[in-house]
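This is target25.txt (compact mmCIF, C-alpha atoms).
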```
# COMPACT_ATOMS: atom_id res chain seq x y z
CA MET F 1 201.66 19.48 -23.76
CA GLY F 2 203.16 22.57 -22.24
CA PRO F 3 204.80 24.37 -25.13
CA MET F 4 201.81 23.85 -27.41
CA ARG F 5 199.90 26.01 -24.97
CA THR F 6 201.98 28.93 -26.13
CA LEU F 7 200.87 28.49 -29.67
CA THR F 8 197.23 29.30 -29.62
CA ALA F 9 198.10 32.00 -32.07
CA ALA F 10 201.35 30.80 -33.45
CA VAL F 11 202.56 27.59 -34.98
CA ALA F 12 199.58 25.64 -36.13
CA ALA F 13 201.01 22.68 -37.91
CA LEU F 14 204.07 20.54 -37.92
CA VAL F 15 204.11 17.83 -40.51
CA LEU F 16 206.46 15.15 -41.65
CA ALA F 17 204.74 13.29 -44.42
CA GLY F 18 206.10 10.30 -46.20
CA CYS F 19 203.53 10.62 -48.92
CA GLY F 20 202.35 13.52 -51.00
CA ALA F 21 201.75 15.92 -48.23
CA THR F 22 201.15 19.53 -47.44
CA THR F 23 202.16 22.97 -48.42
CA PRO F 24 200.38 25.41 -46.22
CA GLY F 25 202.00 28.31 -47.97
CA THR F 26 205.31 30.01 -47.56
CA SER F 27 206.48 33.50 -46.84
CA ASP F 28 208.63 36.13 -48.37
CA ALA F 29 211.41 35.10 -46.02
CA PRO F 30 214.82 34.40 -47.51
CA PRO F 31 215.29 30.82 -48.71
CA SER F 32 216.32 28.35 -46.06
CA PRO F 33 219.82 26.96 -46.34
CA SER F 34 220.35 23.48 -47.70
CA VAL F 35 223.23 22.95 -45.31
CA PRO F 36 222.43 22.12 -41.70
CA LEU F 37 223.77 24.26 -38.90
CA GLY F 38 225.32 22.95 -35.73
CA THR F 39 226.20 19.45 -34.66
CA GLY F 40 223.81 16.65 -35.39
CA GLY F 41 222.58 18.59 -38.39
CA ILE F 42 220.30 17.03 -40.98
CA GLY F 43 220.33 18.15 -44.57
CA PHE F 44 217.16 19.56 -46.08
CA GLU F 45 215.95 21.37 -49.14
CA ALA F 46 213.66 24.36 -48.98
CA LEU F 47 210.52 23.91 -51.08
CA GLU F 48 208.71 26.52 -53.08
CA ALA F 49 205.14 26.90 -52.01
CA THR F 50 202.24 29.24 -52.49
CA PRO F 51 200.95 31.25 -49.55
CA ALA F 52 197.50 30.06 -48.63
CA SER F 53 194.93 30.38 -45.91
CA ARG F 54 194.16 27.17 -44.08
CA ASN F 55 191.07 26.48 -42.05
CA ASP F 56 191.06 24.50 -38.84
CA ALA F 57 190.07 21.31 -40.62
CA SER F 58 192.95 21.47 -43.07
CA VAL F 59 195.42 22.14 -40.29
CA GLU F 60 194.06 19.15 -38.40
CA ALA F 61 194.48 17.08 -41.53
CA ALA F 62 198.07 18.19 -41.83
CA PHE F 63 198.93 16.28 -38.68
CA ASP F 64 197.97 13.07 -40.45
CA ALA F 65 200.46 11.94 -43.07
CA GLN F 66 197.85 10.38 -45.33
CA SER F 67 195.34 13.21 -45.20
CA ALA F 68 198.11 15.74 -45.56
CA SER F 69 198.59 14.84 -49.20
CA SER F 70 195.50 16.84 -50.06
CA LEU F 71 197.17 20.04 -48.94
CA LEU F 72 200.28 20.13 -51.11
CA ASP F 73 200.11 22.45 -54.09
CA ASP F 74 203.05 20.97 -55.96
CA VAL F 75 204.88 17.81 -55.05
CA SER F 76 207.11 17.66 -58.10
CA ALA F 77 210.18 18.85 -56.19
CA VAL F 78 209.91 16.00 -53.69
CA ASP F 79 211.23 12.50 -54.23
CA PHE F 80 208.86 10.60 -51.99
CA ASP F 81 210.84 7.41 -52.47
CA ARG F 82 213.47 8.86 -50.18
CA GLN F 83 212.20 12.17 -48.80
CA GLY F 84 209.59 13.39 -46.39
CA VAL F 85 208.14 16.88 -46.13
CA LEU F 86 208.25 18.97 -43.00
CA CYS F 87 206.15 22.11 -42.78
CA LEU F 88 205.73 24.79 -40.16
CA TYR F 89 202.67 26.98 -40.51
CA LEU F 90 202.06 30.06 -38.39
CA GLY F 91 198.39 30.49 -39.19
CA GLU F 92 196.87 33.78 -40.24
CA ARG F 93 198.80 36.91 -39.34
CA THR F 94 198.01 40.57 -39.68
CA GLY F 95 200.96 42.14 -41.46
CA ARG F 96 203.38 40.54 -43.90
CA TRP F 97 205.34 38.22 -41.64
CA GLY F 98 208.36 36.36 -42.92
CA PHE F 99 209.31 32.88 -41.87
CA ALA F 100 212.14 30.45 -42.56
CA ILE F 101 213.38 27.10 -41.30
CA ASN F 102 217.10 27.56 -40.68
CA ALA F 103 218.34 24.22 -39.37
CA LEU F 104 217.29 20.70 -38.43
CA THR F 105 219.21 18.78 -35.81
CA LEU F 106 218.78 15.35 -34.32
CA GLU F 107 219.70 15.30 -30.66
CA ASP F 108 218.96 12.59 -28.11
CA GLY F 109 216.61 10.92 -30.55
CA ALA F 110 214.48 14.03 -31.07
CA LEU F 111 214.29 16.31 -34.08
CA HIS F 112 214.78 19.99 -33.39
CA VAL F 113 213.75 22.67 -35.87
CA ALA F 114 215.38 26.09 -35.63
CA ALA F 115 213.24 28.66 -37.38
CA ALA F 116 212.91 32.41 -37.47
CA GLU F 117 210.01 34.76 -37.89
CA ARG F 118 210.37 38.22 -39.31
CA PRO F 119 207.71 40.60 -37.99
CA PRO F 120 205.95 42.93 -40.40
CA ARG F 121 207.00 46.50 -40.95
CA ALA F 122 205.36 49.15 -38.83
CA GLY F 123 201.90 50.02 -40.08
CA ASP F 124 201.49 46.91 -42.22
CA THR F 125 197.97 45.56 -41.75
CA SER F 126 197.82 43.22 -44.72
CA VAL F 127 196.99 39.57 -44.13
CA SER F 128 199.66 36.88 -44.46
CA HIS F 129 199.88 33.14 -43.84
CA PRO F 130 203.56 32.57 -43.15
CA ALA F 131 204.86 29.03 -43.44
CA GLN F 132 207.82 27.07 -44.66
CA CYS F 133 208.16 23.54 -46.04
CA VAL F 134 211.37 21.59 -46.47
CA ALA F 135 212.16 18.15 -47.90
CA VAL F 136 214.12 15.86 -45.58
CA ASP F 137 215.97 12.63 -46.38
CA ARG F 138 213.90 9.99 -44.57
CA ALA F 139 216.96 7.81 -44.12
CA SER F 140 218.46 10.47 -41.86
CA LEU F 141 215.63 10.06 -39.35
CA PRO F 142 215.00 7.16 -36.98
CA VAL F 143 212.02 5.03 -37.95
CA GLY F 144 209.04 5.14 -35.63
CA ASP F 145 207.59 7.81 -33.38
CA LEU F 146 209.89 10.82 -33.37
CA LYS F 147 209.62 13.72 -30.96
CA VAL F 148 209.87 17.06 -32.72
CA SER F 149 210.34 20.51 -31.27
CA ALA F 150 210.61 23.84 -33.03
CA ASP F 151 211.56 27.23 -31.76
CA ASP F 152 212.46 30.63 -33.02
CA THR F 153 215.99 31.59 -32.15
CA VAL F 154 215.40 35.22 -32.97
CA SER F 155 212.15 36.40 -31.48
CA ASP F 156 211.16 33.62 -29.03
CA GLU F 157 207.68 34.07 -30.41
CA PHE F 158 206.93 30.40 -30.73
CA ILE F 159 207.92 27.02 -29.51
CA VAL F 160 206.07 23.86 -30.46
CA GLU F 161 206.41 20.20 -29.60
CA GLY F 162 204.85 17.15 -31.12
CA THR F 163 205.39 13.61 -32.27
CA ILE F 164 205.50 12.40 -35.84
CA ALA F 165 205.59 8.90 -37.28
CA VAL F 166 208.58 8.23 -39.53
CA PRO F 167 207.99 5.31 -41.90
CA ALA F 168 210.77 2.93 -42.90
CA ALA F 169 212.74 4.14 -45.88
CA ASP F 170 211.67 1.17 -47.99
CA SER F 171 207.98 1.44 -47.12
CA ALA F 172 205.55 2.58 -49.76
CA PRO F 173 205.16 6.36 -49.85
CA MET R 1 205.31 73.29 -27.57
CA SER R 2 206.01 69.90 -29.06
CA GLY R 3 203.54 68.23 -31.36
CA ILE R 4 202.34 65.78 -28.78
CA ALA R 5 202.09 68.42 -26.08
CA SER R 6 200.09 70.62 -28.41
CA TRP R 7 197.72 67.82 -29.38
CA TRP R 8 197.34 66.78 -25.78
CA GLN R 9 196.78 70.37 -24.66
CA ASN R 10 194.24 71.02 -27.34
CA GLY R 11 192.36 67.96 -26.33
CA ARG R 12 192.05 69.17 -22.77
CA GLY R 13 188.60 70.42 -22.00
CA ARG R 14 186.98 68.78 -25.01
CA ARG R 15 184.40 66.91 -23.04
CA SER R 16 183.37 65.08 -26.07
CA GLU R 17 180.10 63.83 -27.17
CA ALA R 18 181.33 61.27 -29.64
CA ALA R 19 180.04 61.91 -33.12
CA ASP R 20 178.13 58.67 -33.01
CA GLY R 21 176.53 59.54 -29.71
CA THR R 22 178.42 56.97 -27.65
CA LYS R 23 179.37 57.79 -24.12
CA PRO R 24 182.95 58.77 -23.42
CA ILE R 25 185.07 55.97 -22.07
CA GLY R 26 186.31 56.56 -18.58
CA ILE R 27 187.70 54.88 -15.54
CA LEU R 28 185.06 54.99 -12.83
CA GLY R 29 183.08 57.27 -15.08
CA ALA R 30 185.62 60.10 -15.15
CA PRO R 31 187.32 61.18 -18.36
CA MET R 32 191.01 60.48 -18.14
CA ARG R 33 194.31 60.65 -19.94
CA ILE R 34 196.05 57.34 -19.74
CA ALA R 35 199.53 56.35 -20.87
CA VAL R 36 199.81 52.69 -21.87
CA LEU R 37 203.21 51.01 -21.81
CA SER R 38 204.16 47.40 -22.38
CA ASP R 39 207.15 45.09 -22.69
CA ILE R 40 209.65 47.38 -21.01
CA HIS R 41 211.93 44.39 -20.45
CA SER R 42 214.31 45.87 -17.90
CA ASN R 43 215.33 48.66 -20.26
CA LEU R 44 215.58 51.71 -18.01
CA ALA R 45 217.09 53.98 -20.68
CA ALA R 46 214.04 53.34 -22.85
CA LEU R 47 211.63 53.86 -19.96
CA ASP R 48 213.34 57.10 -18.99
CA ALA R 49 212.99 58.40 -22.55
CA VAL R 50 209.30 57.54 -22.60
CA ARG R 51 208.83 59.10 -19.19
CA ALA R 52 210.40 62.32 -20.43
CA ASP R 53 208.07 62.29 -23.43
CA LEU R 54 204.87 61.80 -21.41
CA PRO R 55 202.44 64.70 -21.29
CA GLU R 56 200.35 65.25 -18.18
CA ILE R 57 198.51 62.01 -17.48
CA ASP R 58 196.01 60.76 -14.95
CA GLU R 59 197.03 57.11 -15.03
CA LEU R 60 199.77 54.84 -16.24
CA TRP R 61 198.96 51.28 -17.32
CA VAL R 62 201.76 48.77 -17.88
CA LEU R 63 200.87 45.58 -19.72
CA GLY R 64 203.49 43.22 -18.39
CA ASP R 65 206.91 41.88 -19.30
CA ILE R 66 208.41 44.53 -17.13
CA VAL R 67 211.54 42.41 -16.76
CA GLY R 68 213.44 39.89 -18.87
CA TYR R 69 215.93 40.43 -21.69
CA GLY R 70 217.33 43.71 -20.36
CA PRO R 71 219.90 44.76 -17.76
CA GLN R 72 218.04 46.82 -15.13
CA PRO R 73 215.01 44.98 -13.73
CA ASN R 74 215.18 46.43 -10.22
CA GLU R 75 215.61 49.98 -11.46
CA VAL R 76 212.69 49.67 -13.88
CA ILE R 77 210.38 48.33 -11.20
CA ALA R 78 211.39 51.09 -8.81
CA ALA R 79 210.65 53.66 -11.50
CA LEU R 80 207.21 52.17 -12.17
CA GLN R 81 206.43 52.22 -8.47
CA GLU R 82 207.40 55.87 -8.35
CA MET R 83 205.15 56.56 -11.33
CA GLY R 84 202.22 54.77 -9.71
CA ALA R 85 201.85 52.28 -12.55
CA ARG R 86 198.90 49.94 -12.76
CA SER R 87 200.57 46.82 -14.04
CA VAL R 88 199.67 43.28 -15.05
CA LEU R 89 201.81 40.17 -15.11
CA GLY R 90 203.65 39.08 -18.24
CA ASN R 91 205.22 35.72 -19.05
CA HIS R 92 208.73 37.01 -18.39
CA ASP R 93 207.64 38.55 -15.10
CA GLY R 94 206.15 35.26 -13.95
CA ALA R 95 209.18 33.30 -15.10
CA ALA R 96 211.48 35.62 -13.17
CA ILE R 97 209.72 34.88 -9.90
CA GLY R 98 209.05 31.23 -10.61
CA THR R 99 205.32 31.30 -11.23
CA VAL R 100 205.59 30.69 -14.99
CA ASP R 101 207.48 27.73 -16.43
CA PRO R 102 210.45 29.03 -18.49
CA HIS R 103 210.50 25.73 -20.38
CA ASP R 104 208.54 27.57 -23.03
CA PHE R 105 211.31 30.13 -23.59
CA ASN R 106 213.94 29.84 -26.26
CA PRO R 107 217.56 29.54 -25.06
CA ASP R 108 218.36 33.26 -25.17
CA ALA R 109 215.16 34.28 -23.41
CA ALA R 110 215.70 31.56 -20.83
CA ALA R 111 219.27 32.68 -20.19
CA ALA R 112 218.09 36.24 -19.66
CA ILE R 113 215.39 35.08 -17.25
CA ARG R 114 217.88 33.05 -15.23
CA TRP R 115 220.06 36.13 -14.93
CA THR R 116 217.07 38.31 -14.03
CA ALA R 117 215.94 35.90 -11.34
CA SER R 118 219.41 35.94 -9.86
CA VAL R 119 219.53 39.72 -9.47
CA LEU R 120 215.96 40.63 -8.51
CA ASP R 121 215.87 42.35 -5.14
CA ASP R 122 213.20 41.77 -2.52
CA ASN R 123 211.23 44.85 -3.53
CA ALA R 124 211.12 43.86 -7.19
CA ARG R 125 210.22 40.28 -6.40
CA ALA R 126 207.40 41.40 -4.11
CA TYR R 127 206.11 43.84 -6.73
CA LEU R 128 205.95 41.22 -9.45
CA ALA R 129 204.29 38.75 -7.10
CA THR R 130 201.36 41.11 -6.56
CA LEU R 131 200.56 41.69 -10.22
CA PRO R 132 197.22 40.42 -11.53
CA GLU R 133 196.97 38.66 -14.88
CA VAL R 134 193.96 40.76 -15.83
CA ARG R 135 193.12 44.30 -14.75
CA THR R 136 189.64 45.63 -15.41
CA GLU R 137 188.62 49.16 -14.48
CA GLY R 138 185.77 51.14 -15.97
CA ASP R 139 185.78 50.61 -19.71
CA LEU R 140 189.27 49.19 -19.86
CA THR R 141 190.64 45.67 -19.63
CA GLY R 142 194.40 45.24 -19.52
CA VAL R 143 196.28 42.00 -20.15
CA HIS R 144 199.71 41.00 -21.35
CA GLY R 145 198.87 38.32 -23.92
CA SER R 146 195.16 38.13 -24.62
CA PRO R 147 191.91 38.22 -22.66
CA ARG R 148 191.38 34.48 -23.01
CA ASP R 149 194.99 33.58 -22.23
CA PRO R 150 196.53 36.56 -20.42
CA ILE R 151 200.01 35.14 -20.13
CA TRP R 152 200.76 33.30 -23.35
CA GLU R 153 198.53 33.99 -26.32
CA TYR R 154 199.90 36.24 -29.05
CA ILE R 155 197.28 38.36 -30.80
CA THR R 156 198.90 38.46 -34.21
CA SER R 157 195.91 38.66 -36.52
CA THR R 158 192.45 40.09 -36.84
CA SER R 159 190.93 36.64 -36.58
CA ILE R 160 192.65 35.95 -33.27
CA ALA R 161 191.59 39.37 -32.02
CA MET R 162 187.99 38.68 -32.96
CA ALA R 163 188.13 35.30 -31.27
CA ASN R 164 189.04 37.11 -28.07
CA LEU R 165 186.10 39.51 -28.08
CA GLU R 166 183.95 37.27 -25.93
CA ALA R 167 186.70 36.98 -23.35
CA PHE R 168 186.39 40.57 -22.13
CA GLU R 169 183.37 42.70 -21.35
CA THR R 170 184.72 46.22 -21.52
CA ARG R 171 184.73 48.30 -24.65
CA LEU R 172 188.50 48.53 -24.86
CA CYS R 173 191.11 45.89 -24.25
CA LEU R 174 194.79 46.79 -23.92
CA PHE R 175 197.30 44.05 -24.66
CA GLY R 176 201.01 43.61 -25.35
CA HIS R 177 203.29 40.57 -25.77
CA THR R 178 203.90 40.81 -29.54
CA HIS R 179 205.97 44.01 -29.30
CA LEU R 180 204.06 45.30 -32.32
CA PRO R 181 201.85 48.39 -32.06
CA ILE R 182 198.47 47.86 -33.70
CA VAL R 183 194.72 48.30 -33.21
CA PHE R 184 192.11 45.66 -33.93
CA ALA R 185 188.54 46.93 -34.21
CA SER R 186 185.24 45.11 -34.21
CA GLN R 187 182.03 46.69 -35.33
CA ASP R 188 178.84 44.96 -36.39
CA GLY R 189 180.61 41.64 -36.30
CA GLN R 190 183.35 42.71 -38.67
CA GLY R 191 186.97 42.84 -37.64
CA THR R 192 189.66 45.06 -39.05
CA ALA R 193 193.21 46.08 -38.26
CA LEU R 194 194.24 49.72 -38.00
CA ALA R 195 197.82 50.79 -38.50
CA ALA R 196 199.49 52.40 -35.50
CA ILE R 197 200.88 55.48 -37.20
CA PRO R 198 202.77 57.66 -34.73
CA ASP R 199 201.15 60.93 -33.76
CA GLU R 200 198.02 60.35 -35.83
CA PRO R 201 195.06 60.26 -33.45
CA ILE R 202 192.69 57.32 -33.84
CA SER R 203 189.07 57.89 -32.93
CA LEU R 204 187.83 55.41 -30.39
CA GLY R 205 184.37 55.69 -31.94
CA ALA R 206 181.73 53.09 -31.25
CA ALA R 207 183.75 49.98 -32.06
CA ARG R 208 185.14 47.58 -29.54
CA LEU R 209 188.89 47.82 -29.78
CA LEU R 210 191.94 45.84 -28.84
CA LEU R 211 194.97 48.12 -28.67
CA ASN R 212 198.62 47.13 -28.44
CA PRO R 213 200.97 50.00 -27.53
CA GLY R 214 204.04 48.18 -28.86
CA SER R 215 207.18 47.71 -26.80
CA VAL R 216 209.08 50.25 -24.77
CA GLY R 217 212.20 48.17 -24.26
CA GLN R 218 212.49 45.84 -27.26
CA PRO R 219 210.49 47.01 -30.30
CA ARG R 220 210.19 44.41 -33.07
CA ASP R 221 208.67 46.29 -35.96
CA GLY R 222 211.93 47.44 -37.48
CA ASN R 223 211.95 50.74 -35.61
CA PRO R 224 214.25 50.67 -32.57
CA ALA R 225 212.51 53.67 -30.96
CA SER R 226 210.35 52.93 -27.93
CA SER R 227 206.66 52.66 -28.62
CA TYR R 228 203.78 53.58 -26.34
CA LEU R 229 200.14 54.69 -26.44
CA LEU R 230 198.17 57.61 -25.07
CA LEU R 231 194.44 57.31 -24.48
CA ASP R 232 192.26 60.35 -23.98
CA THR R 233 188.94 59.10 -22.74
CA ASP R 234 187.61 62.64 -22.83
CA ALA R 235 188.51 63.40 -26.43
CA GLN R 236 187.83 59.75 -27.31
CA THR R 237 191.13 59.33 -29.07
CA ALA R 238 194.18 57.11 -29.00
CA ILE R 239 197.58 58.21 -30.21
CA PHE R 240 200.73 56.17 -30.68
CA ARG R 241 204.11 57.65 -29.85
CA ARG R 242 207.65 56.64 -30.84
CA VAL R 243 210.54 57.88 -28.74
CA ALA R 244 214.19 57.40 -29.63
CA TYR R 245 216.50 56.53 -26.75
CA ASP R 246 220.21 55.84 -26.32
CA VAL R 247 220.27 52.17 -27.31
CA GLY R 248 224.01 52.06 -26.69
CA VAL R 249 223.57 52.67 -22.98
CA THR R 250 221.36 49.61 -22.61
CA GLN R 251 223.59 47.52 -24.85
CA ARG R 252 226.69 48.34 -22.80
CA LEU R 253 224.93 47.35 -19.60
CA MET R 254 223.77 44.11 -21.20
CA ARG R 255 227.30 43.24 -22.30
CA ASP R 256 228.60 44.07 -18.82
CA VAL R 257 226.45 41.30 -17.33
CA ASP R 258 226.96 38.87 -20.22
CA LEU R 259 223.39 38.78 -21.47
CA PRO R 260 223.11 36.91 -24.82
CA LEU R 261 224.69 38.83 -27.67
CA ARG R 262 221.68 38.27 -29.91
CA LEU R 263 219.51 40.11 -27.41
CA VAL R 264 222.01 42.95 -27.31
CA GLU R 265 222.24 43.36 -31.06
CA ARG R 266 218.53 43.20 -31.83
CA LEU R 267 217.94 46.46 -29.98
CA SER R 268 219.83 48.27 -32.73
CA TRP R 269 217.48 47.01 -35.38
CA GLY R 270 214.16 46.96 -33.60
CA ARG R 271 213.77 43.27 -34.41
```
Just give me the structure of the file as structure tokens.
Amino acid sequence: MGPMRTLTAAVAALVLAGCGATTPGTSDAPPSPSVPLGTGGIGFEALEATPASRNDASVEAAFDAQSASSLLDDVSAVDFDRQGVLCLYLGERTGRWGFAINALTLEDGALHVAAAERPPRAGDTSVSHPAQCVAVDRASLPVGDLKVSADDTVSDEFIVEGTIAVPAADSAP
Amino acid sequence: MSGIASWWQNGRGRRSEAADGTKPIGILGAPMRIAVLSDIHSNLAALDAVRADLPEIDELWVLGDIVGYGPQPNEVIAALQEMGARSVLGNHDGAAIGTVDPHDFNPDAAAAIRWTASVLDDNARAYLATLPEVRTEGDLTGVHGSPRDPIWEYITSTSIAMANLEAFETRLCLFGHTHLPIVFASQDGQGTALAAIPDEPISLGAARLLLNPGSVGQPRDGNPASSYLLLDTDAQTAIFRRVAYDVGVTQRLMRDVDLPLRLVERLSWGR
């Protein structure tokens, strides 16, 4: 998949989990809006999460909705009867990077995630694990395999594509 | 004499024996003073400011993304030709001449590349077409992204830097792409990041290093001043420089050709 090639060092995980799923950490970025931007926008709620390092195995697990449940630190803010969780994780970074999901839109049957990175200040060599998770109303997404793409409208530092499985709204979480 | 000129001058003639006994790094065995630029992105005003700041150098290395984003691709390439730059290909360079798929660009970057491709003259197009993805000379390897993926990979962490160590054989690797000046060092299997503090010489020492000079034409570390790197293979030091330039000149030219407003505005903030 072409765009994924660009992400050897960037976005490592994209998850929509219908069950207790993942929180690969968050950043010190400003909170994401709860109102979608642009046409075809989908509402979402930013989730609080704890920054955390993830190894390759845990990132692999995050692509599987069932295994992903082991990664979430706190699922209390999510109503899994009606919501799924979508996370973007940038992997390990040198410097305190910020990261936020700004908008979700459904266009031509595919989900598009607009996100933004904030690079670290000059001279910052600390280690960070920037990521963002949001809760999405499952009823707003088409059931079945859903193409997802994400890009950064500010820095063009990452673009990712993938496919996620959206369960029916009345299926067991 | 300016600070950099003084430091550079003082370094002249110090045919160093490194404190740890390592041999001086040199191209073809000769000690050299090398300026390292990256991510100029068609910003001639920024390049001119850096050029005016340069001390006497023996070589100029340019780590790709010469074009894209900015308003003067042909003029920047002509200037680099005049300066005798040793350049490598970046993702924007390849996209501008059709050898890299711009599908991977976000909408603003893609719009800028379409404009760039439409205005490149024959000389600029031919220049970009000749650029290698990897340049290795003496103890230096130069790439745009990373040694293992010269076009696309972003070296944004120590762990990614360390994962790239086996992909180059020289002692130093110069890279760009992230627009963030930094040094990653590896010694005895341990990796560490060193802050790129302007005008504070960094000893090249015995470690294998990956050095990013930052961006000349679109810095992203919150400082809008152009960033570049000077290597003194004789004194065994690296020094980062920041050079303010007239951002307004570039922004006016970008507006004149209707480049995306977001790309215009970010130059003011260095983001």
Residue among F:Lys147, F:Arg82, F:Arg93, F:His112 lying closest to chain R, counting all atoms listed in the file: F:Arg93
Contacts of range 83-88 of chain R within 8 Å, all atoms listed in the file, excl. fewer than 2 positions in-chain, as a ChimeraX atom specification: /R:59-64,79-81,90,131-135,142-144
Expected file contents, prior selection, C-alpha atoms, as an mmCIF file, keeping the file's coordinate frame:
```
data_model
loop_
_atom_site.group_PDB
_atom_site.id
_atom_site.type_symbol
_atom_site.label_atom_id
_atom_site.label_comp_id
_atom_site.auth_asym_id
_atom_site.auth_seq_id
_atom_site.Cartn_x
_atom_site.Cartn_y
_atom_site.Cartn_z
ATOM 1 C CA GLU R 59 197.030 57.110 -15.030
ATOM 2 C CA LEU R 60 199.770 54.840 -16.240
ATOM 3 C CA TRP R 61 198.960 51.280 -17.320
ATOM 4 C CA VAL R 62 201.760 48.770 -17.880
ATOM 5 C CA LEU R 63 200.870 45.580 -19.720
ATOM 6 C CA GLY R 64 203.490 43.220 -18.390
ATOM 7 C CA ALA R 79 210.650 53.660 -11.500
ATOM 8 C CA LEU R 80 207.210 52.170 -12.170
ATOM 9 C CA GLN R 81 206.430 52.220 -8.470
ATOM 10 C CA GLY R 90 203.650 39.080 -18.240
ATOM 11 C CA LEU R 131 200.560 41.690 -10.220
ATOM 12 C CA PRO R 132 197.220 40.420 -11.530
ATOM 13 C CA GLU R 133 196.970 38.660 -14.880
ATOM 14 C CA VAL R 134 193.960 40.760 -15.830
ATOM 15 C CA ARG R 135 193.120 44.300 -14.750
ATOM 16 C CA GLY R 142 194.400 45.240 -19.520
ATOM 17 C CA VAL R 143 196.280 42.000 -20.150
ATOM 18 C CA HIS R 144 199.710 41.000 -21.350
#
```
Expected answer as JSON, numbers by chain: chain R residues within 9 Å of chain F, only C-alpha atoms: {"R": [101, 103, 104, 105, 106, 107, 108, 109, 149, 151, 152, 153, 154, 155, 156, 157, 158, 159, 160, 178, 180, 181, 182, 192, 193, 194, 195, 196, 197, 220, 221, 222, 223, 262, 263, 266, 271]}
d(CA of Asn74 in chain R, CA of Arg242 in chain R) in Å: 24.2 Å
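A distance cut-off of 8 Å around (212.9, 16.4, -31.8), counting all atoms listed in the file, selects these protein and nucleic acid residues: F:Thr105, F:Leu106, F:Glu107, F:Gly109, F:Ala110, F:Leu111, F:His112, F:Val113, F:Leu146, F:Lys147, F:Val148, F:Ser149, F:Ala150, F:Glu161.
Rounded to one decimal, CA of Phe44 in chain F and CA of Leu86 in chain F lie 9.4 Å from each other.
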